[in-house]
Every structure is written in C-alpha cells, then in structure tokens.
$ cat my_file-v3.cif   # mmCIF, C-alpha atoms
data_structure
#
loop_
_atom_site.label_atom_id
_atom_site.label_comp_id
_atom_site.auth_asym_id
_atom_site.auth_seq_id
_atom_site.Cartn_x
_atom_site.Cartn_y
_atom_site.Cartn_z
CA TYR M 1 25.66 69.92 70.74
CA GLN M 2 23.34 69.65 73.75
CA GLY M 3 24.67 70.45 77.20
CA GLU M 4 23.58 71.75 80.58
CA ILE M 5 23.60 75.37 79.41
CA PRO M 6 21.44 75.85 76.31
CA ALA M 7 22.86 78.10 73.61
CA ARG M 8 21.05 81.25 72.41
CA PRO M 9 18.48 81.29 75.26
CA LEU M 10 16.54 84.27 73.93
CA TYR M 11 16.07 82.61 70.53
CA VAL M 12 15.05 79.38 72.26
CA LEU M 13 12.42 81.42 74.14
CA LEU M 14 11.13 82.93 70.88
CA LEU M 15 10.87 79.50 69.23
CA ALA M 16 9.13 78.13 72.33
CA ALA M 17 6.56 80.94 72.11
CA PHE M 18 5.97 80.12 68.43
CA HIS M 19 5.47 76.43 69.31
CA VAL M 20 3.03 77.28 72.10
CA LEU M 21 0.99 79.46 69.75
CA LEU M 22 1.27 77.38 66.57
CA GLY M 23 2.07 73.84 67.69
CA GLU M 24 4.37 71.75 65.50
CA ARG M 25 3.32 73.32 62.19
CA TYR M 26 6.67 74.48 60.89
CA SER M 27 5.22 76.34 57.92
CA LEU M 28 3.35 78.59 60.39
CA ILE M 29 6.40 78.91 62.64
CA ILE M 30 8.50 80.04 59.67
CA ALA M 31 5.74 82.50 58.70
CA ALA M 32 5.66 83.88 62.26
CA GLN M 33 9.44 84.26 62.31
CA THR M 34 9.28 86.02 58.92
CA LEU M 35 6.72 88.48 60.31
CA VAL M 36 9.02 89.31 63.23
CA LEU M 37 12.08 89.62 60.99
CA ALA M 38 10.14 91.92 58.64
CA LEU M 39 10.94 94.62 61.21
CA ILE M 40 14.59 94.63 60.03
CA PRO M 41 14.04 96.99 57.05
CA VAL M 42 11.87 99.22 59.23
CA LEU M 43 14.57 99.47 61.91
CA LEU M 44 17.24 100.07 59.27
CA PHE M 45 15.16 102.95 57.94
CA TRP M 46 14.90 104.46 61.42
CA LEU M 47 18.62 103.92 62.04
CA GLY M 48 19.61 105.48 58.70
CA ARG M 49 17.33 108.45 59.34
CA ALA M 50 18.72 108.88 62.87
CA VAL M 51 22.39 108.91 61.85
CA HIS M 52 22.07 110.65 58.47
CA SER M 53 18.83 111.37 56.62
CA ARG M 54 15.54 109.93 55.37
CA PRO M 55 17.05 108.92 51.96
CA ALA M 56 19.83 107.08 53.80
CA GLY M 57 17.18 105.17 55.75
CA VAL M 58 15.32 104.28 52.55
CA ILE M 59 18.52 103.04 50.91
CA ALA M 60 19.43 100.92 53.96
CA ALA M 61 15.94 99.39 54.13
CA ALA M 62 15.91 98.68 50.37
CA ALA M 63 19.34 97.02 50.62
CA ALA M 64 18.06 94.75 53.41
CA ILE M 65 15.01 93.75 51.35
CA ALA M 66 17.21 93.08 48.28
CA ARG M 67 19.62 91.04 50.39
CA GLU M 68 16.84 88.83 51.75
CA TRP M 69 15.22 88.39 48.33
CA THR M 70 18.60 87.37 46.84
CA SER M 71 19.26 84.98 49.75
CA LEU M 72 15.94 83.25 49.16
CA MET M 73 16.61 83.00 45.41
CA VAL M 74 19.99 81.27 45.87
CA SER M 75 19.15 79.25 48.99
CA SER M 76 18.75 76.00 47.04
CA ALA M 77 22.21 76.39 45.48
CA THR M 78 24.31 77.56 48.41
CA ARG M 79 24.33 77.77 52.19
CA VAL M 80 22.96 81.10 53.29
CA SER M 81 20.97 82.30 56.30
CA ASN M 82 17.50 83.56 55.46
CA THR M 83 14.07 84.05 57.02
CA LYS M 84 12.91 80.54 56.12
CA MET M 85 15.58 78.90 58.28
CA LEU M 86 15.53 78.54 62.05
CA LEU M 87 18.92 80.17 62.62
CA VAL M 88 19.86 82.91 65.05
CA ASP M 89 21.68 85.17 62.55
CA LEU M 90 18.77 87.37 61.46
CA PRO M 91 17.20 87.61 64.95
CA THR M 92 20.64 88.79 66.12
CA LEU M 93 20.65 91.46 63.41
CA LEU M 94 17.20 92.55 64.57
CA ALA M 95 18.41 92.78 68.17
CA MET M 96 21.53 94.70 67.11
CA LEU M 97 19.40 97.25 65.27
CA VAL M 98 17.13 97.72 68.30
CA CYS M 99 20.20 98.09 70.54
CA GLY M 100 21.78 100.56 68.10
CA LEU M 101 18.65 102.70 68.01
CA LEU M 102 18.43 102.73 71.81
CA VAL M 103 22.12 103.66 72.13
CA ILE M 104 21.60 106.56 69.69
CA ARG M 105 18.51 107.62 71.70
CA TRP M 106 20.68 107.56 74.83
CA MET M 107 23.33 109.74 73.13
CA GLN M 108 20.63 112.22 72.10
CA ARG M 109 18.81 112.43 75.43
CA LYS M 110 21.87 112.02 77.69
CA ASP M 111 19.91 110.83 80.73
CA LEU M 112 20.16 107.90 83.16
CA ARG M 113 16.90 106.28 82.06
CA SER M 114 17.98 106.11 78.42
CA ALA M 115 21.39 104.75 79.48
CA ALA M 116 19.74 101.98 81.51
CA ILE M 117 17.37 101.05 78.66
CA ALA M 118 20.33 100.88 76.25
CA GLY M 119 22.23 98.67 78.70
CA GLY M 120 19.26 96.32 79.09
CA SER M 121 18.86 96.01 75.32
CA TYR M 122 22.57 95.20 74.99
CA ALA M 123 22.19 92.43 77.58
CA LEU M 124 19.33 90.90 75.57
CA LEU M 125 21.60 90.98 72.52
CA LEU M 126 24.15 88.96 74.51
CA LEU M 127 21.48 86.34 75.19
CA LEU M 128 21.19 85.88 71.42
CA ARG M 129 24.90 85.93 70.58
CA THR M 130 27.63 86.03 73.22
CA GLN M 131 30.05 87.25 70.53
CA ALA M 132 28.38 90.64 71.00
CA LEU M 133 30.70 91.00 74.03
CA ALA M 134 33.18 92.40 71.50
CA LEU M 135 30.93 95.48 71.27
CA TRP M 136 31.18 96.17 75.03
CA PRO M 137 34.34 98.34 74.99
CA ILE M 138 33.25 100.04 71.75
CA LEU M 139 29.88 101.05 73.22
CA LEU M 140 31.51 102.35 76.42
CA LEU M 141 34.11 104.32 74.45
CA PHE M 142 31.44 105.69 72.11
CA GLY M 143 29.36 106.68 75.13
CA ALA M 144 32.28 108.39 76.85
CA LEU M 145 33.25 110.36 73.74
CA SER M 146 29.66 111.31 72.88
CA LEU M 147 28.68 112.35 76.39
CA GLY M 148 31.94 114.19 77.11
CA ILE M 149 34.81 112.64 79.04
CA ARG M 150 35.13 115.51 81.51
CA ARG M 151 31.45 115.75 82.44
CA ARG M 152 30.32 114.33 85.80
CA SER M 153 27.13 112.92 84.36
CA THR M 154 29.15 110.76 81.93
CA VAL M 155 30.38 108.48 84.73
CA SER M 156 26.89 108.04 86.18
CA GLN M 157 25.38 107.32 82.77
CA LEU M 158 28.08 104.79 81.85
CA GLY M 159 27.53 103.24 85.29
CA ALA M 160 23.79 103.02 84.61
CA PHE M 161 24.51 101.33 81.25
CA VAL M 162 26.82 98.76 82.88
CA PHE M 163 24.50 98.19 85.85
CA ALA M 164 21.45 97.62 83.61
CA THR M 165 23.46 95.17 81.48
CA VAL M 166 24.58 93.15 84.50
CA LEU M 167 21.13 93.30 86.15
CA THR M 168 19.41 92.04 82.99
CA LEU M 169 21.93 89.20 82.62
CA SER M 170 21.96 88.24 86.32
CA PRO M 171 19.02 85.75 86.24
CA TRP M 172 20.67 83.83 83.38
CA LEU M 173 24.11 83.98 85.04
CA LEU M 174 22.61 82.74 88.34
CA HIS M 175 20.79 79.95 86.49
CA ASN M 176 24.05 78.81 84.88
CA TYR M 177 25.97 79.11 88.15
CA LEU M 178 23.49 76.82 89.90
CA LEU M 179 23.79 74.33 87.01
CA VAL M 180 27.54 74.13 86.47
CA GLY M 181 29.09 75.78 89.54
CA HIS M 182 30.63 78.81 87.82
CA VAL M 183 29.43 81.99 86.15
CA SER M 184 29.06 81.53 82.40
CA LEU M 185 26.98 83.05 79.61
CA GLU M 186 27.27 80.03 77.35
CA ALA M 187 28.70 76.51 77.39
CA PRO M 188 32.22 76.67 75.86
CA PHE M 189 32.19 72.97 74.87
CA GLN M 190 29.98 73.78 71.88
CA TYR M 191 32.70 75.91 70.32
CA ARG M 192 35.30 73.22 71.10
CA ILE M 193 33.17 70.66 69.23
CA ILE M 194 32.90 72.92 66.18
CA ALA M 195 36.63 73.75 66.31
CA SER M 196 37.50 70.03 66.53
CA GLN M 197 35.67 69.40 63.25
CA TYR M 198 38.22 71.58 61.46
CA ARG M 199 41.24 69.67 62.80
CA TYR M 200 43.08 66.95 60.93
CA THR M 201 43.54 64.86 64.09
CA GLY M 202 41.44 63.93 67.09
#

$ encode --input "my_file-v3.cif" --output "structure tokens"
Amino acid sequence: YQGEIPARPLYVLLLAAFHVLLGERYSLIIAAQTLVLALIPVLLFWLGRAVHSRPAGVIAAAAAIAREWTSLMVSSATRVSNTKMLLVDLPTLLAMLVCGLLVIRWMQRKDLRSAAIAGGSYALLLLLRTQALALWPILLLFGALSLGIRRRSTVSQLGAFVFATVLTLSPWLLHNYLLVGHVSLEAPFQYRIIASQYRYTG
C-alpha cells in the first residue's frame, strides 16, 4: 500500500508526533491517542447544544461514550474501529465535529473571518479523509441558504470559505505535484489495490 503520496497525511503527522514524544512504546501511543479522542463526547455535547439544547448535547455525548465502550467490549469477537487501534476513522470523526462546530459558528456570526476559519478546518478534514470532498457542495449550499442567497456578503463569505480551503491544501497539493507531476490529494492506486481484492479475476 506504500506509494509516493502517503495516505492520510494529517494522521501520519499525529502518529509521528506521538512517536517523537513517546518513542516506540505502543501502549503509551494508544493512551495518547485515547486522550485526544476523548474530546469526541465533549465536541458532541457542544454540537448538540449548538443545534438544539443542552439535553440534546448530553444525549449525543452519552451515545458516543456508550458506542466506544461497546466497541471495546466486542473488539475481540468482531472487526470494529475503536480508540485502541491505530486507524483514521475516529480521528476523522473528531475532525468532522470540529469542522461542524466551526461551520455553525460561521453561520451564527456571518463574517469573513469565521468563513475562512471554517474553510481551513474543512481542508484539514480532507487531509484525514479525502472522501470528505462529498461534503463540499453540501457545505456551500448550506452556507448559501443560511446566509441568504440574495445578500452581497454571501458571495464574499463563500469565496472566503473556498479560498481558505484551497490555501490550506496548497502546500500538500504542491508537494504532490512535485512528486508525481500532477495535482492530487491522494494516490488513487491504493483504492485500486483494495478494489482488486474484491474481484474474482486478476
């Protein structure tokens, strides 16, 4: 699965930071990752409170805690992503929650600075999972409807969101362009390898 363009560069950076701080002691690395991922229920509480109410936030946070506890209980019997595995799924959830909170903050404040911060956070989410590109049109449509389609400031704020996204991604895109000769977020061969494993031939 290794190629010129490493997959999930932001998660690779996080793991590299853990290794620098903790060496090769995987029990400590797992503990450090668990501490970071413990922010998920906190962010779910804030998100639930922002879109509905404090009880909604409590319910969302409790559901996340119950989900993780259940995942750990059944992890020896089935394949499931949890905090004790070095997989990108839960860090992606964490990044999505941060991005969601910043998008809601942008919709509440309706200013260029908040739009740019939301765009930058979305770009960081893309560096964890490129599949988050599917959210791009949804976020722009949500922004346009929330800000008001006929308002002049809507265009400038959506432009700030897009510009911040592209600006945040540009060092990684330039890095990949210099490596492989074309602009790419991720190496497509990895998905071809996985897809080939589900074929009957080849």

$ resolve_selection --input "my_file-v3.cif" --expression "the PyMOL selection byres ((chain M and resi 124) around 9)" --output "MDAnalysis selection string"
chainID M and resid 10 95 99 119:123 125:129 165 168:169

$ residues_around --input "my_file-v3.cif" --residues "region 180-193 of chain M" --least-positions-apart "2" --cutoff "10 Å" --atoms "all atoms listed in the file" --output "list in words"
Tyr1, Gln2, Gly3, Glu4, Ile5, Pro6, Ala7, Arg8, Pro9, Leu126, Leu127, Arg129, Thr130, Leu169, Ser170, Trp172, Leu173, Leu174, His175, Asn176, Tyr177, Leu178, Ala195, Ser196, Gln197 and Tyr198 of chain M

$ residues_near_point --input "my_file-v3.cif" --point "(30.8, 108.8, 76.9)" --cutoff "12 Å" --atoms "all atoms listed in the file" --output "number ranges by chain"
M: 103-104, 106-108, 110-111, 115, 137-161

$ residues_around --input "my_file-v3.cif" --residues "Val80 (chain M)" --least-positions-apart "5" --cutoff "12 Å" --atoms "all atoms listed in the file" --output "mmCIF file with C-alpha atoms, keeping the file's coordinate frame"
data_model
loop_
_atom_site.group_PDB
_atom_site.id
_atom_site.type_symbol
_atom_site.label_atom_id
_atom_site.label_comp_id
_atom_site.auth_asym_id
_atom_site.auth_seq_id
_atom_site.Cartn_x
_atom_site.Cartn_y
_atom_site.Cartn_z
ATOM 1 C CA ARG M 67 19.620 91.040 50.390
ATOM 2 C CA GLU M 68 16.840 88.830 51.750
ATOM 3 C CA TRP M 69 15.220 88.390 48.330
ATOM 4 C CA THR M 70 18.600 87.370 46.840
ATOM 5 C CA SER M 71 19.260 84.980 49.750
ATOM 6 C CA LEU M 72 15.940 83.250 49.160
ATOM 7 C CA MET M 73 16.610 83.000 45.410
ATOM 8 C CA VAL M 74 19.990 81.270 45.870
ATOM 9 C CA SER M 75 19.150 79.250 48.990
ATOM 10 C CA MET M 85 15.580 78.900 58.280
ATOM 11 C CA LEU M 86 15.530 78.540 62.050
ATOM 12 C CA LEU M 87 18.920 80.170 62.620
ATOM 13 C CA ASP M 89 21.680 85.170 62.550
ATOM 14 C CA LEU M 90 18.770 87.370 61.460
#

$ atom_distance --input "my_file-v3.cif" --atom1 "CA of Asn82 (chain M)" --atom2 "CA of Ala61 (chain M)"
16.0 Å

$ residues_near_point --input "my_file-v3.cif" --point "(15.3, 97.7, 60.0)" --cutoff "12 Å" --atoms "only C-alpha atoms" --output "PyMOL selection string"
chain M and resi 36-49+57-65+90-91+93-101

$ atom_distance --input "my_file-v3.cif" --atom1 "CA of Ser114 (chain M)" --atom2 "CA of Leu167 (chain M)"
15.3 Å

$ build_atoms --input "my_file-v3.cif" --residues "region 95-130 of chain M" --atoms "N, CA and C atoms" --output "mmCIF file, in the frame of the given file"
data_model
loop_
_atom_site.group_PDB
_atom_site.id
_atom_site.type_symbol
_atom_site.label_atom_id
_atom_site.label_comp_id
_atom_site.auth_asym_id
_atom_site.auth_seq_id
_atom_site.Cartn_x
_atom_site.Cartn_y
_atom_site.Cartn_z
ATOM 1 N N ALA M 95 18.068 92.309 66.826
ATOM 2 C CA ALA M 95 18.410 92.780 68.170
ATOM 3 C C ALA M 95 19.498 93.842 68.132
ATOM 4 N N MET M 96 20.466 93.692 67.227
ATOM 5 C CA MET M 96 21.530 94.700 67.110
ATOM 6 C C MET M 96 20.969 96.044 66.645
ATOM 7 N N LEU M 97 20.008 96.005 65.748
ATOM 8 C CA LEU M 97 19.400 97.250 65.270
ATOM 9 C C LEU M 97 18.619 97.942 66.393
ATOM 10 N N VAL M 98 17.864 97.153 67.167
ATOM 11 C CA VAL M 98 17.130 97.720 68.300
ATOM 12 C C VAL M 98 18.109 98.335 69.291
ATOM 13 N N CYS M 99 19.180 97.593 69.600
ATOM 14 C CA CYS M 99 20.200 98.090 70.540
ATOM 15 C C CYS M 99 20.841 99.364 69.996
ATOM 16 N N GLY M 100 21.171 99.374 68.703
ATOM 17 C CA GLY M 100 21.780 100.560 68.100
ATOM 18 C C GLY M 100 20.888 101.780 68.184
ATOM 19 N N LEU M 101 19.593 101.591 67.914
ATOM 20 C CA LEU M 101 18.650 102.700 68.010
ATOM 21 C C LEU M 101 18.541 103.223 69.441
ATOM 22 N N LEU M 102 18.538 102.305 70.410
ATOM 23 C CA LEU M 102 18.430 102.730 71.810
ATOM 24 C C LEU M 102 19.701 103.404 72.296
ATOM 25 N N VAL M 103 20.862 102.981 71.782
ATOM 26 C CA VAL M 103 22.120 103.660 72.130
ATOM 27 C C VAL M 103 22.130 105.070 71.545
ATOM 28 N N ILE M 104 21.670 105.223 70.296
ATOM 29 C CA ILE M 104 21.600 106.560 69.690
ATOM 30 C C ILE M 104 20.618 107.445 70.466
ATOM 31 N N ARG M 105 19.493 106.864 70.883
ATOM 32 C CA ARG M 105 18.510 107.620 71.700
ATOM 33 C C ARG M 105 19.149 108.085 73.005
ATOM 34 N N TRP M 106 19.972 107.198 73.598
ATOM 35 C CA TRP M 106 20.680 107.560 74.830
ATOM 36 C C TRP M 106 21.632 108.730 74.565
ATOM 37 N N MET M 107 22.384 108.668 73.448
ATOM 38 C CA MET M 107 23.330 109.740 73.130
ATOM 39 C C MET M 107 22.618 111.070 72.870
ATOM 40 N N GLN M 108 21.392 110.994 72.364
ATOM 41 C CA GLN M 108 20.630 112.220 72.100
ATOM 42 C C GLN M 108 20.038 112.807 73.376
ATOM 43 N N ARG M 109 19.486 111.929 74.221
ATOM 44 C CA ARG M 109 18.810 112.430 75.430
ATOM 45 C C ARG M 109 19.775 112.684 76.583
ATOM 46 N N LYS M 110 20.837 111.865 76.649
ATOM 47 C CA LYS M 110 21.870 112.020 77.690
ATOM 48 C C LYS M 110 21.281 111.991 79.103
ATOM 49 N N ASP M 111 20.457 110.975 79.386
ATOM 50 C CA ASP M 111 19.910 110.830 80.730
ATOM 51 C C ASP M 111 20.082 109.395 81.220
ATOM 52 N N LEU M 112 19.924 109.202 82.536
ATOM 53 C CA LEU M 112 20.160 107.900 83.160
ATOM 54 C C LEU M 112 19.173 106.843 82.671
ATOM 55 N N ARG M 113 17.927 107.228 82.485
ATOM 56 C CA ARG M 113 16.900 106.280 82.060
ATOM 57 C C ARG M 113 17.237 105.704 80.681
ATOM 58 N N SER M 114 17.619 106.563 79.760
ATOM 59 C CA SER M 114 17.980 106.110 78.420
ATOM 60 C C SER M 114 19.226 105.231 78.455
ATOM 61 N N ALA M 115 20.170 105.562 79.329
ATOM 62 C CA ALA M 115 21.390 104.750 79.480
ATOM 63 C C ALA M 115 21.041 103.352 79.980
ATOM 64 N N ALA M 116 20.135 103.277 80.961
ATOM 65 C CA ALA M 116 19.740 101.980 81.510
ATOM 66 C C ALA M 116 18.986 101.148 80.468
ATOM 67 N N ILE M 117 18.114 101.771 79.698
ATOM 68 C CA ILE M 117 17.370 101.050 78.660
ATOM 69 C C ILE M 117 18.337 100.510 77.602
ATOM 70 N N ALA M 118 19.324 101.326 77.215
ATOM 71 C CA ALA M 118 20.330 100.880 76.250
ATOM 72 C C ALA M 118 21.129 99.708 76.801
ATOM 73 N N GLY M 119 21.494 99.771 78.078
ATOM 74 C CA GLY M 119 22.230 98.670 78.700
ATOM 75 C C GLY M 119 21.425 97.390 78.760
ATOM 76 N N GLY M 120 20.133 97.506 79.062
ATOM 77 C CA GLY M 120 19.260 96.320 79.090
ATOM 78 C C GLY M 120 19.107 95.694 77.718
ATOM 79 N N SER M 121 18.995 96.541 76.685
ATOM 80 C CA SER M 121 18.860 96.010 75.320
ATOM 81 C C SER M 121 20.146 95.317 74.884
ATOM 82 N N TYR M 122 21.283 95.844 75.322
ATOM 83 C CA TYR M 122 22.570 95.200 74.990
ATOM 84 C C TYR M 122 22.670 93.827 75.661
ATOM 85 N N ALA M 123 22.175 93.726 76.888
ATOM 86 C CA ALA M 123 22.190 92.430 77.580
ATOM 87 C C ALA M 123 21.338 91.402 76.848
ATOM 88 N N LEU M 124 20.180 91.827 76.332
ATOM 89 C CA LEU M 124 19.330 90.900 75.570
ATOM 90 C C LEU M 124 20.030 90.452 74.289
ATOM 91 N N LEU M 125 20.805 91.355 73.696
ATOM 92 C CA LEU M 125 21.600 90.980 72.520
ATOM 93 C C LEU M 125 22.604 89.889 72.879
ATOM 94 N N LEU M 126 23.199 89.985 74.059
ATOM 95 C CA LEU M 126 24.150 88.960 74.510
ATOM 96 C C LEU M 126 23.487 87.602 74.700
ATOM 97 N N LEU M 127 22.198 87.601 75.025
ATOM 98 C CA LEU M 127 21.480 86.340 75.190
ATOM 99 C C LEU M 127 21.132 85.702 73.836
ATOM 100 N N LEU M 128 21.324 86.449 72.763
ATOM 101 C CA LEU M 128 21.190 85.880 71.420
ATOM 102 C C LEU M 128 22.540 85.424 70.885
ATOM 103 N N ARG M 129 23.546 86.234 71.055
ATOM 104 C CA ARG M 129 24.900 85.930 70.580
ATOM 105 C C ARG M 129 25.910 86.458 71.587
ATOM 106 N N THR M 130 26.640 85.575 72.242
ATOM 107 C CA THR M 130 27.630 86.030 73.220
ATOM 108 C C THR M 130 28.797 86.752 72.552
#
